[in-house]
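**Student:** Got a structure for you, questions after.
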Amino acid sequence: MKSFLKYTLATIVGIIISSIVMVIISFGFIGILISAGDKPVEVKSNSILHFKITQPIPDRGSNNPFDGFDFSSFTLAPQIGLDQILKNIEKAKTDDRIKGIYLEAGMYPPGIATVEEIRNALIDFKESGKFIIAFSNDIMLQSNYYLCSVADRIYMNPAGIMEFWGLRSEVVFYKGAMEKLGIDMQIIRHGEYKSAIEPFTSDHMSEASRKQTLAYMNSIWNGMVNQISKARNIPVKKLNKYADDLAINNVRVALETNLIDSIKYQDEVLTELLQLSGLEKGSKPRLVKMSKYAKVPKRKTKGFTRDKIAVVYASGVIGFGEGTESSIGSVKFVNSLRKARKDTNIKAIVIRVNSPGGSALASDIIWREADLARHVKPVVASFGNVAASGGYYIVATADTIVAQPNTITGSIGVFGTIPNTQKFLNDKLGITIDVAKTNKHSDFGAFYRPLNAAEKQFLRAGIEETYKTFVSYVAKGREMSFEEVDKIARGRVWSGIDAKEIGLVDILGGLDTAVEIAAEMAGLDNYRITSLPVQEDPYTKLFNELSGNVKMRMISSELGEAYRYYHDFNLLMGMDGIQTRLPYEIEIY
C-alpha cells in the first residue's frame, strides 16, 4: 500500500512539474514569436505597401503584442485596425521609399462602410501619382471588388471566381424551433419597424421589415454601382444587367466586360510589381505588410503640441460593466468620456461608433456623459459600418454627426423580451417550479411562467417611456420637433445617405472627416490624437485568450458557417430588460 501511494504521489508531482515546465516553455515560445514580430521595421527604397485582406478589420488596431496570436496553432498573425490602415495609406502617399500599393483581395469581406473609408483613402493616395495594383487569387467578393475598383489595374487568377449579383439580406427565424422546445418569447415593442424580435414571433419578414431592408440595401447598392461605373467607365445600366443576368460567371467574362484588366497568376503579378518598383529583373519585389508599416513613424511636419483630440471608440453591443474590446461596457466607456471631458489638454472629442445598440439603460448612462462633455468641448460622432438604435442613442447629443453613405443607422425604437419556458420545463424536462411570495407580483419577470395582463401593461409603460426619452433626445440633438423625429423613427433602419436627407446625419465622410471637423470647432491647427478607452493590459489579454476566447474560436472552427446562427441565437437570448437594438445582425456582401 505504501508503495502504491508513493508511486501515485510521484505521478501527481510529475504531472504538476511537467505542466509548469510546459507553461514556461509555451510563454517562452510566445515571447520569441512576439519579439520576432516586434523588431524595428526598415523600409528600403523601391518598396511596395502590401495590403492583404484576410481577416476582420476592426475600427481600432491594437498595440498589444499578444493580439493576433493564435493559441490553437501557435502562429502570429497581427490584426490591423482601420485607424492604422488609413494612417498607413496617408503615410505612404508622401513616403519616397514607397512606390505604390499592392492590394490583395482575400476571402474575407470587411464591413461595407469600412470598405468605403479605405477606398476614399486610396483615391486620395492616387493623387501622388503612385500606382495601385489589385489582385484576387481565389474569390473576388463584391465588397472587395468595390474596393479594388479604384485600382489602376485589377487582375484575377485564371481559375478565380467573381461575385457580382447584387446584395441580399438573410434573417434566421427561430419561431418553429421555439415552438418545438415549448418556449414562448414574450415581447413588447414600440415601432412597427422594430423587427429585432421577429425571429421569435414569425417565420418570415414582416412587410415593414422587408420595406426598410430593401430601402437601405438599394441605397447601398446604387452607391456601389455608381462608383464602380465612374471608376471602370461602365454604364450603371450595364452593371445592373450583369448582376440580374448572372452574366459574370467566369473571369474571362469579367475581362470582356471591363470589370477587370487582365487574367494573371500571382507570380506574373509579382513580376509586374518588380518592374513598376524599378528593381532589377531577377530580384524580388520589396513588399511591406500593413502590420509592419504601421510601426514606421510618420514624419513630423509640425512642432510638439499638448493639444489633443480624443477619439473614443464604441464598438460592439452596449451593456453594463467594463465590456471588452469588442463590446461597449457602460462603466468603462463613461469613465473614458469623463477622462476626455476633464483633461484640459483634450480640446475636442470624436466618438467613433460601430454598434447595433443594446441595453437601453446602459445607452442612457453613456448618453448622459456624452451630453455633459458637449457642454464643455466640441463632440463629433463618426459612424462606421453600423451605428443604430442604442448606437445612435449614445451620440444623439453630438454637435455634428458624420456617417458614410452606406452606414446602417437609425432604428430609433425600443423593445423588451422575457422568455416563458414553462412548457419546456414541464413537458420536455418534467420540471416544475413552485414559489412563495410576499406580494402579488414578486415573481414578475420569472422565466418559468407567462406574464399576466397587469405585468404586460407595466412592461409596455416602460417601453413607451423609454421610446419617448429616446425620441426627445434625438429631437433635442438634431434640433427637430418630437413629431418630426417620431415620423422617421419607429424602429426604421436607414442608410447613411438617406439618414442625411432626413436630418439624422449632418455630413457624409469617415473618421478623418470627423477629426477635421472637431479640430475646426476647437480652433486647432496643430494637435495630437489620443485613443480611448485605454486598451487592455497585454498579460490580462493573454489570460483571456487562454480561457474564453480560445473556447469561442474552437466552437467557431467546429461550426464553420453555422457559427453565425449560434452566435446570433446567443445574442437574442441574452437580451435582458428594455433594449434599443438593431433588428438583427446585418452583414453586407
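Residues are named by chain letter and number: chains run A, B, ... in the order of the C-alpha cells, numbers start at 1 in each chain, and ligands are numbered from 1 in the order shown.
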Extract, using only C-alpha atoms, all DNA, RNA and protein residues at most 7 Å from region 380-394 of chain A, discarding same-chain residues fewer than 2 positions from it, and format them as a ChimeraX atom specification.
**Tutor:** /A:111-114,349-358,360,363-364,366-367,378,396,398-404,407-413,470,510-511,514,518,580-582
**Student:** DSSP on the backbone, then: every residue of region 115-315 of chain A marked strand (DSSP E or B), written as a ChimeraX atom specification.
**Tutor:** /A:131-136,139-140,153-156,161-162,184-190,262-263,286-289,308-315
**Student:** Within 8 Å of Gln142 (chain A), counting only C-alpha atoms, which residues show up once you throw out same-chain ones fewer than 4 positions away? Write them as a list in words, please.
**Tutor:**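 My list of contacting residues is Tyr146, Met162, Glu163, Phe164 and Tyr589 of chain A.
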**Student:** Near Ala151 (chain A), within 8 Å and counting only C-alpha atoms, which residues show up once chain neighbours fewer than 3 positions away are dropped, as an NGL selection string?
**Tutor:** :A and (131-134 or 148 or 154)
**Student:** Could you dump the residues just selected with N, CA and C atoms as a PDB file, in the first residue's frame?
**Tutor:**
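As written to disk, part-v5.pdb reads:
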ATOM      1  N   PHE A 131       1.233  54.053 -58.054  1.00  0.00           N
ATOM      2  CA  PHE A 131       0.306  53.058 -58.600  1.00  0.00           C
ATOM      3  C   PHE A 131      -0.428  52.273 -57.505  1.00  0.00           C
ATOM      4  N   ILE A 132      -1.587  51.709 -57.893  1.00  0.00           N
ATOM      5  CA  ILE A 132      -2.303  50.730 -57.075  1.00  0.00           C
ATOM      6  C   ILE A 132      -2.637  49.548 -57.978  1.00  0.00           C
ATOM      7  N   ILE A 133      -2.133  48.387 -57.637  1.00  0.00           N
ATOM      8  CA  ILE A 133      -2.423  47.161 -58.378  1.00  0.00           C
ATOM      9  C   ILE A 133      -3.244  46.250 -57.476  1.00  0.00           C
ATOM     10  N   ALA A 134      -4.393  45.763 -57.972  1.00  0.00           N
ATOM     11  CA  ALA A 134      -5.259  44.872 -57.199  1.00  0.00           C
ATOM     12  C   ALA A 134      -5.243  43.482 -57.820  1.00  0.00           C
ATOM     13  N   CYS A 148     -11.442  47.235 -54.804  1.00  0.00           N
ATOM     14  CA  CYS A 148     -10.433  47.098 -55.860  1.00  0.00           C
ATOM     15  C   CYS A 148     -10.722  47.957 -57.086  1.00  0.00           C
ATOM     16  N   ILE A 154      -6.752  45.832 -62.267  1.00  0.00           N
ATOM     17  CA  ILE A 154      -7.305  44.729 -61.478  1.00  0.00           C
ATOM     18  C   ILE A 154      -7.013  43.426 -62.203  1.00  0.00           C
TER      19      ILE A 154
END
**Student:** Taking only region 228-325 of chain A into account, list the residues labelled alpha helix (DSSP H) by DSSP (computed from the backbone), as a VMD selection string.
**Tutor:** chain A and resid 228 to 232 236 to 244 251 to 256 266 to 277 290 to 293
**Student:** Using only C-alpha atoms, which of A:Ile497, A:Ile101, A:Leu451, A:Leu508 sits nearest Leu287 (chain A)?
**Tutor:**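 Checking each candidate against Leu287 (chain A), we get A:Ile101 as the closest.
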**Student:** Show me, as a list of chain:residue names, the residues that have an atom within 8 Å of Ala446 (chain A) when counting only C-alpha atoms, minus same-chain residues fewer than 3 positions from it.
**Tutor:**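 Surrounding residues, per the criterion: A:Asn420, A:Asp443, A:Arg449.
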**Student:** Write out as a PyMOL selection string the residues lying within 12 Å of Lys281 (chain A), counting only C-alpha atoms and excluding same-chain residues fewer than 4 positions away.
**Tutor:** chain A and resi 270-277+285
**Student:** Under the rule that only C-alpha atoms are counted, which of A:Arg153, A:Arg374, A:His204, A:Lys468 is the nearest residue to Val485 (chain A)?
**Tutor:** A:Lys468
**Student:** Counting only C-alpha atoms, which of A:Asn46, A:Thr513, A:Thr469, A:Gln535 gets nearest to Gly278 (chain A)?
**Tutor:**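 So, comparing all the options, the nearest one is A:Asn46.
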**Student:** Within 12 Å of Ala519 (chain A), counting only C-alpha atoms, which residues qualify if same-chain residues fewer than 4 places away don't, as a ChimeraX atom specification?
**Tutor:** /A:307-311,346-350,377-380,512-515,523-529
**Student:** Take the selection from the previous step and output its residues with C-alpha atoms, as a CSV table (one decimal), in the first residue's frame.
**Tutor:**
chain,number,residue,atom,x,y,z
A,307,ASP,CA,-3.4,70.0,-27.6
A,308,LYS,CA,-5.2,66.7,-28.3
A,309,ILE,CA,-8.3,65.4,-29.9
A,310,ALA,CA,-9.6,62.3,-28.2
A,311,VAL,CA,-11.1,59.5,-30.4
A,346,ILE,CA,-8.1,67.4,-24.8
A,347,LYS,CA,-9.8,70.2,-26.8
A,348,ALA,CA,-12.4,68.1,-28.7
A,349,ILE,CA,-13.9,64.6,-28.6
A,350,VAL,CA,-14.7,62.3,-31.5
A,377,LYS,CA,-15.9,71.0,-25.6
A,378,PRO,CA,-16.9,70.0,-29.1
A,379,VAL,CA,-18.3,66.5,-29.5
A,380,VAL,CA,-18.4,64.9,-33.0
A,512,ASP,CA,-10.7,61.6,-40.8
A,513,THR,CA,-13.6,64.0,-41.7
A,514,ALA,CA,-14.9,63.8,-38.2
A,515,VAL,CA,-11.5,64.6,-36.7
A,523,GLY,CA,-9.8,76.1,-33.4
A,524,LEU,CA,-6.9,73.7,-33.6
A,525,ASP,CA,-4.3,73.7,-36.4
A,526,ASN,CA,-1.7,71.6,-34.6
A,527,TYR,CA,-2.9,68.7,-32.5
A,528,ARG,CA,-2.3,65.0,-31.5
A,529,ILE,CA,-4.7,62.1,-31.5
**Student:** Which is closest to Trp221 (chain A) among A:Ile57, A:Leu255, A:Ile234, A:Leu167, if we use only C-alpha atoms?
**Tutor:**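 Of A:Ile57, A:Leu255, A:Ile234, A:Leu167, the one nearest Trp221 (chain A) is A:Leu167, counting only C-alpha atoms.
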**Student:** Of the candidates A:Thr54, A:Ser202, A:Ser472, A:Thr432, which shows the shortest atom-to-atom distance to Phe173 (chain A), using only C-alpha atoms?
**Tutor:**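 Looking only at the distances to Phe173 (chain A), the closest residue turns out to be A:Ser202.
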**Student:** To one decimal place, how far is CA of His190 (chain A) from CA of Val414 (chain A) in Å?
**Tutor:**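 Taking CA of His190 (chain A) and CA of Val414 (chain A), their separation equals 5.4 Å.
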**Student:** Measure the distance from CA of Tyr108 (chain A) to CA of Phe51 (chain A) in Å and round it to one decimal.
**Tutor:**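 Separation between CA of Tyr108 (chain A) and CA of Phe51 (chain A): 12.9 Å.
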**Student:** From the set A:Tyr174, A:Ile248, A:Glu520, A:Lys298, which residue has the shortest atom-to-atom contact distance to Ile89 (chain A), counting only C-alpha atoms?
**Tutor:**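 When distances to Ile89 (chain A) are compared using only C-alpha atoms, the smallest one comes from A:Lys298.
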